[in-house]
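**Student:** So here's coords38.tsv (TSV, C-alpha atoms).
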```tsv
chain	number	residue	atom	x	y	z
A	5	MET	CA	-58.88	57.42	-27.43
A	6	TYR	CA	-59.28	54.75	-30.10
A	7	LYS	CA	-57.94	52.15	-27.69
A	8	ASN	CA	-60.55	53.13	-25.10
A	9	VAL	CA	-63.37	53.01	-27.63
A	10	PHE	CA	-62.62	49.51	-28.90
A	11	SER	CA	-61.10	47.87	-25.80
A	12	TYR	CA	-64.44	47.17	-24.09
A	13	SER	CA	-66.66	44.22	-24.87
A	14	LEU	CA	-70.43	44.20	-25.14
A	15	SER	CA	-70.59	42.18	-21.94
A	16	ASP	CA	-69.58	45.33	-20.03
A	17	ASP	CA	-72.76	47.07	-21.21
A	18	PHE	CA	-74.97	44.09	-20.43
A	19	ASP	CA	-73.46	43.78	-16.97
A	20	THR	CA	-74.07	47.47	-16.27
A	21	ILE	CA	-77.71	47.36	-17.38
A	22	ALA	CA	-78.29	44.06	-15.59
A	23	LYS	CA	-77.26	45.71	-12.30
A	24	VAL	CA	-79.97	48.37	-12.66
A	25	THR	CA	-82.59	47.79	-9.98
A	26	PRO	CA	-85.28	50.05	-8.49
A	27	GLN	CA	-83.11	50.40	-5.37
A	28	SER	CA	-80.04	51.52	-7.34
A	29	LEU	CA	-81.85	54.35	-9.14
A	30	PRO	CA	-82.38	57.86	-7.71
A	31	LYS	CA	-85.94	58.57	-6.61
A	32	ARG	CA	-88.03	60.50	-9.13
A	33	SER	CA	-91.67	61.34	-9.55
A	34	ALA	CA	-94.03	59.95	-12.17
A	35	ILE	CA	-93.88	63.27	-14.00
A	36	GLN	CA	-90.09	63.06	-14.26
A	37	SER	CA	-90.35	59.53	-15.64
A	38	ILE	CA	-92.89	60.73	-18.21
A	39	ILE	CA	-90.57	63.59	-19.24
A	40	ILE	CA	-87.72	61.12	-19.81
A	41	VAL	CA	-89.94	58.94	-22.02
A	42	VAL	CA	-91.29	61.95	-23.91
A	43	ALA	CA	-87.79	63.36	-24.46
A	44	CYS	CA	-86.44	60.06	-25.77
A	45	THR	CA	-89.51	59.43	-27.92
A	46	GLY	CA	-89.28	62.98	-29.26
A	47	THR	CA	-85.77	62.13	-30.40
A	48	MET	CA	-87.14	59.39	-32.65
A	49	ILE	CA	-90.01	61.58	-33.85
A	50	PHE	CA	-87.60	64.39	-34.73
A	51	ASN	CA	-85.19	62.00	-36.45
A	52	VAL	CA	-87.78	60.42	-38.75
A	53	GLY	CA	-89.79	63.62	-39.16
A	54	SER	CA	-86.73	65.53	-40.34
A	55	ALA	CA	-86.24	63.06	-43.19
A	56	MET	CA	-89.89	62.73	-44.19
A	57	GLY	CA	-90.80	66.42	-43.87
A	58	VAL	CA	-88.00	67.53	-46.15
A	59	SER	CA	-88.81	64.84	-48.73
A	60	ILE	CA	-92.31	66.31	-49.15
A	61	ALA	CA	-90.88	69.80	-49.66
A	62	ILE	CA	-88.19	68.74	-52.16
A	63	PRO	CA	-89.94	70.18	-55.26
A	64	VAL	CA	-90.29	73.59	-53.60
A	65	ILE	CA	-86.72	73.61	-52.29
A	66	ALA	CA	-85.28	72.39	-55.61
A	67	SER	CA	-87.12	75.12	-57.50
A	68	ASP	CA	-85.98	77.82	-55.10
A	69	LEU	CA	-82.32	76.76	-55.12
A	70	GLN	CA	-82.33	75.73	-58.79
A	71	MET	CA	-81.07	72.25	-57.98
A	72	SER	CA	-80.48	69.52	-60.53
A	73	ASN	CA	-82.06	66.07	-60.23
A	74	SER	CA	-78.84	64.56	-58.88
A	75	GLU	CA	-78.49	67.29	-56.25
A	76	THR	CA	-82.12	66.93	-55.20
A	77	SER	CA	-81.69	63.30	-54.20
A	78	TRP	CA	-78.91	64.28	-51.78
A	79	ILE	CA	-81.25	66.44	-49.68
A	80	VAL	CA	-82.64	63.31	-48.03
A	81	THR	CA	-79.74	60.95	-48.69
A	82	ALA	CA	-77.14	63.12	-46.94
A	83	PHE	CA	-79.18	63.12	-43.73
A	84	THR	CA	-80.02	59.40	-43.69
A	85	LEU	CA	-76.49	58.39	-44.69
A	86	SER	CA	-74.71	60.36	-41.96
A	87	SER	CA	-77.22	59.43	-39.26
A	88	GLY	CA	-77.35	55.74	-40.17
A	89	CYS	CA	-73.62	55.15	-40.60
A	90	LEU	CA	-72.64	56.70	-37.27
A	91	LEU	CA	-75.24	55.09	-34.99
A	92	LEU	CA	-72.93	52.34	-33.71
A	93	LEU	CA	-70.00	54.71	-33.16
A	94	PHE	CA	-72.03	57.18	-31.12
A	95	GLY	CA	-73.69	54.33	-29.23
A	96	ARG	CA	-70.24	53.17	-28.16
A	97	LEU	CA	-69.20	56.72	-27.21
A	98	ALA	CA	-72.41	57.14	-25.22
A	99	ASP	CA	-71.60	54.02	-23.21
A	100	LEU	CA	-68.09	55.26	-22.50
A	101	TYR	CA	-68.61	58.96	-21.81
A	102	GLY	CA	-72.22	59.15	-20.66
A	103	ARG	CA	-75.54	58.79	-22.42
A	104	LYS	CA	-76.96	62.03	-21.03
A	105	LEU	CA	-73.94	64.03	-22.26
A	106	THR	CA	-74.07	62.40	-25.70
A	107	TRP	CA	-77.80	63.00	-25.99
A	108	MET	CA	-77.63	66.68	-25.04
A	109	LEU	CA	-74.62	67.41	-27.27
A	110	GLY	CA	-76.25	65.56	-30.17
A	111	MET	CA	-79.49	67.47	-29.72
A	112	ALA	CA	-77.66	70.81	-29.57
A	113	PHE	CA	-75.61	69.85	-32.65
A	114	SER	CA	-78.75	68.90	-34.55
A	115	ILE	CA	-80.56	72.10	-33.52
A	116	ILE	CA	-77.74	74.33	-34.77
A	117	PHE	CA	-77.36	72.69	-38.17
A	118	THR	CA	-81.10	72.19	-38.66
A	119	LEU	CA	-81.59	75.91	-38.22
A	120	GLY	CA	-78.72	76.54	-40.62
A	121	CYS	CA	-80.52	74.50	-43.30
A	122	GLY	CA	-83.25	77.11	-43.44
A	123	PHE	CA	-80.72	79.83	-44.28
A	124	SER	CA	-78.71	77.91	-46.90
A	125	ALA	CA	-78.27	79.87	-50.12
A	126	THR	CA	-76.95	77.13	-52.40
A	127	ALA	CA	-77.56	73.44	-52.98
A	128	ILE	CA	-74.11	72.49	-51.64
A	129	GLN	CA	-74.71	74.40	-48.42
A	130	LEU	CA	-78.04	72.68	-47.87
A	131	ILE	CA	-76.62	69.20	-48.54
A	132	VAL	CA	-73.64	69.71	-46.21
A	133	LEU	CA	-75.82	71.13	-43.43
A	134	ARG	CA	-78.28	68.27	-43.80
A	135	ALA	CA	-75.41	65.80	-43.42
A	136	MET	CA	-74.16	67.61	-40.32
A	137	SER	CA	-77.67	67.58	-38.85
A	138	GLY	CA	-77.77	63.83	-39.39
A	139	ILE	CA	-74.61	63.45	-37.31
A	140	GLY	CA	-76.44	65.05	-34.39
A	141	GLN	CA	-79.33	62.63	-34.77
A	142	ALA	CA	-76.88	59.71	-34.89
A	143	ALA	CA	-75.74	60.73	-31.42
A	144	THR	CA	-79.19	61.23	-29.90
A	145	VAL	CA	-80.94	58.01	-30.95
A	146	PRO	CA	-78.60	55.41	-29.37
A	147	ALA	CA	-78.12	57.65	-26.34
A	148	ALA	CA	-81.91	57.83	-25.90
A	149	ILE	CA	-82.14	54.04	-26.00
A	150	GLY	CA	-79.42	53.80	-23.37
A	151	ILE	CA	-81.14	56.38	-21.17
A	152	LEU	CA	-84.39	54.41	-21.24
A	153	ALA	CA	-82.60	51.14	-20.45
A	154	TYR	CA	-80.74	52.72	-17.55
A	155	SER	CA	-83.68	54.73	-16.18
A	156	PHE	CA	-86.19	51.88	-16.11
A	157	PRO	CA	-85.27	48.51	-14.57
A	158	PRO	CA	-86.83	45.35	-16.05
A	159	SER	CA	-90.53	45.86	-15.44
A	160	ARG	CA	-93.77	46.79	-17.12
A	161	ALA	CA	-92.64	50.43	-17.04
A	162	ARG	CA	-89.60	49.58	-19.17
A	163	SER	CA	-91.75	47.74	-21.71
A	164	THR	CA	-94.08	50.73	-21.90
A	165	ALA	CA	-91.15	53.13	-22.28
A	166	PHE	CA	-89.61	51.19	-25.17
A	167	ALA	CA	-93.00	50.66	-26.83
A	168	THR	CA	-93.58	54.41	-26.71
A	169	PHE	CA	-90.11	55.03	-28.11
A	170	ALA	CA	-90.74	52.62	-31.00
A	171	ALA	CA	-94.04	54.33	-31.75
A	172	GLY	CA	-92.08	57.54	-32.34
A	173	ALA	CA	-90.88	56.30	-35.75
A	174	PRO	CA	-94.27	55.95	-37.51
A	175	LEU	CA	-95.56	58.99	-35.64
A	176	GLY	CA	-92.57	61.03	-36.82
A	177	ALA	CA	-93.11	59.89	-40.41
A	178	CYS	CA	-96.77	60.89	-40.28
A	179	LEU	CA	-96.19	64.26	-38.62
A	180	GLY	CA	-93.20	64.98	-40.84
A	181	MET	CA	-95.15	64.47	-44.05
A	182	ILE	CA	-98.12	66.50	-42.81
A	183	PHE	CA	-95.98	69.32	-41.46
A	184	GLY	CA	-93.72	69.41	-44.52
A	185	GLY	CA	-96.67	69.52	-46.90
A	186	VAL	CA	-98.57	72.19	-44.98
A	187	MET	CA	-95.54	74.43	-44.55
A	188	SER	CA	-94.51	74.07	-48.20
A	189	GLN	CA	-97.97	74.95	-49.47
A	190	TYR	CA	-99.21	77.60	-47.05
A	191	ALA	CA	-96.21	79.17	-45.29
A	192	SER	CA	-95.13	81.25	-48.26
A	193	LEU	CA	-95.08	81.36	-52.03
A	194	ASP	CA	-91.32	81.46	-51.76
A	195	GLY	CA	-89.88	77.98	-51.26
A	196	LYS	CA	-86.86	79.34	-49.41
A	197	GLU	CA	-89.02	81.06	-46.81
A	198	SER	CA	-91.12	77.91	-46.46
A	199	SER	CA	-87.99	75.89	-45.75
A	200	THR	CA	-86.86	78.47	-43.20
A	201	PHE	CA	-90.19	78.38	-41.34
A	202	ARG	CA	-90.19	74.60	-41.31
A	203	GLN	CA	-86.69	74.36	-39.92
A	204	GLY	CA	-87.47	77.07	-37.39
A	205	SER	CA	-90.48	75.12	-36.16
A	206	GLU	CA	-88.37	71.99	-35.81
A	207	LEU	CA	-85.88	74.08	-33.86
A	208	LEU	CA	-88.63	75.28	-31.49
A	209	TYR	CA	-89.86	71.73	-30.92
A	210	SER	CA	-86.41	70.28	-30.27
A	211	SER	CA	-85.47	73.22	-28.03
A	212	LEU	CA	-88.54	72.64	-25.84
A	213	VAL	CA	-87.70	68.95	-25.51
A	214	TYR	CA	-84.08	69.83	-24.77
A	215	PHE	CA	-84.69	72.36	-22.01
A	216	LEU	CA	-87.56	70.44	-20.40
A	217	SER	CA	-85.35	67.36	-20.20
A	218	VAL	CA	-82.10	68.82	-18.89
A	219	LYS	CA	-83.27	69.15	-15.27
A	220	THR	CA	-84.92	65.73	-15.25
A	221	LEU	CA	-81.87	64.03	-16.78
A	222	LEU	CA	-79.39	65.48	-14.28
A	223	ASN	CA	-79.37	62.23	-12.30
A	224	THR	CA	-79.29	60.05	-15.41
A	225	ARG	CA	-76.01	58.71	-16.70
```
Translate the structure described by the file into structure tokens.
**Tutor:**
Amino acid sequence: MYKNVFSYSLSDDFDTIAKVTPQSLPKRSAIQSIIIVVACTGTMIFNVGSAMGVSIAIPVIASDLQMSNSETSWIVTAFTLSSGCLLLLFGRLADLYGRKLTWMLGMAFSIIFTLGCGFSATAIQLIVLRAMSGIGQAATVPAAIGILAYSFPPSRARSTAFATFAAGAPLGACLGMIFGGVMSQYASLDGKESSTFRQGSELLYSSLVYFLSVKTLLNTR
């Protein structure tokens, strides 16, 4: 396995993407193309929003779980560390075993552990689950970039797709802070219930993106 992962050069990826032409791609409607862009952009929104939304709710979560100052910092750090450190590895695995498969498995992995964060009873449980959720996001982001590159040949449509994907980062930060603040303040007086509602809402959003995209991505590597 390790030999397969590291035995290919970057030129293999560039050659594959360079061969993508409108004639080589399966026919799809404009709506299907929009769904692909929305699904991939939603990946970036969910990735950044998960970090920013939780950072706003840290005081409520820390009070509910009686966390120390050192433990509180790991709520955000565990997620960003696991997702950032594994981006290159999962990008390589996505190239080898399929970007669609990597994206769907990463999204499912993130959904499961994001939901688990809302039911964590101790600080250690929350930190570990946040780290595991970050692993799922590390798989989805590079896979989403690969899906866009493979689905759209060099054209204005590709530029628009990648511009929309890039816009997902600031949009996710904005929505994450707003959503985290609103849910922490108005969802419940109990910080634990607020965290549960927030994670459940993120689960609903990611599930909709996941199931809407599966049929459209069937013909996408």
**Student:** Each residue of region 132-198 of chain A with at least one atom at most 10 Å from region 101-110 of chain A should appear once, together with its nearest atom pair and the corresponding distance in Å (one decimal); atoms considered: all atoms listed in the file; ordering: chain, then increasing residue number; output as CSV.
**Tutor:**
```
residue,atom,partner,partner_atom,distance
A:Ser137,CA,A:Gly110,CA,9.0
A:Gly138,CA,A:Gly110,CA,9.5
A:Ile139,CA,A:Gly110,CA,7.6
A:Gly140,CA,A:Gly110,CA,4.3
A:Gln141,CA,A:Gly110,CA,6.3
A:Ala142,CA,A:Gly110,CA,7.5
A:Ala143,CA,A:Gly110,CA,5.0
A:Thr144,CA,A:Trp107,CA,4.5
A:Val145,CA,A:Trp107,CA,7.7
A:Pro146,CA,A:Arg103,CA,8.3
A:Ala147,CA,A:Arg103,CA,4.8
A:Ala148,CA,A:Trp107,CA,6.6
A:Ile149,CA,A:Arg103,CA,8.9
A:Gly150,CA,A:Arg103,CA,6.4
A:Ile151,CA,A:Arg103,CA,6.2
A:Leu152,CA,A:Arg103,CA,9.9
A:Tyr154,CA,A:Arg103,CA,9.4
```
**Student:** Could you check the closest approach to Ile116 (chain A) for each of A:Val42, A:Met136, A:Leu100, A:Ala153 and tell me which residue wins, using only C-alpha atoms?
**Tutor:** A:Met136
**Student:** Around region 64-72 of chain A, with edges along x, y and z and 6 Å added on all six sides, what centre and edge lengths do you get, in Å to one decimal, as AutoDock Vina command-line options?
**Tutor:**
```
--center_x -85.4 --center_y 73.7 --center_z -56.4 --size_x 21.8 --size_y 20.3 --size_z 20.2
```
**Student:** When distances are computed from all atoms listed in the file, which of A:Leu179, A:Val186, A:Val41, A:Ala82 shows the smallest separation from Val132 (chain A)?
**Tutor:** A:Ala82
**Student:** Do you have the CA of Gly176 (chain A)-CA of Phe50 (chain A) distance handy?
**Tutor:**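 Interatomic distance here is 6.4 Å.
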**Student:** Show me, as a VMD selection string, the residues that have an atom within 12 Å of Ala161 (chain A) when counting only C-alpha atoms, minus same-chain residues fewer than 2 positions from it.
**Tutor:** chain A and resid 26 34 37 to 38 41 152 to 153 155 to 159 163 to 168
**Student:** Suppose you want the space between CA of Phe113 (chain A) and CA of Ala171 (chain A); what is it in Å?
**Tutor:**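 A separation of 24.1 Å between them.
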**Student:** Hey, can you check how far CA of Phe94 (chain A) sits from CA of Met111 (chain A)?
**Tutor:**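 Between these atoms lies a distance of 12.8 Å.
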**Student:** Looking at all atoms listed in the file, which of A:Cys89, A:Val58, A:Ile49, A:Ala127 is the one that sits closest to Met187 (chain A)?
**Tutor:** A:Val58
**Student:** From the set A:Gly185, A:Ala177, A:Gln36, A:Thr84, which residue has the shortest atom-to-atom contact distance to Gly53 (chain A), counting all atoms listed in the file?
**Tutor:**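 Result for the nearest residue to Gly53 (chain A): A:Ala177.
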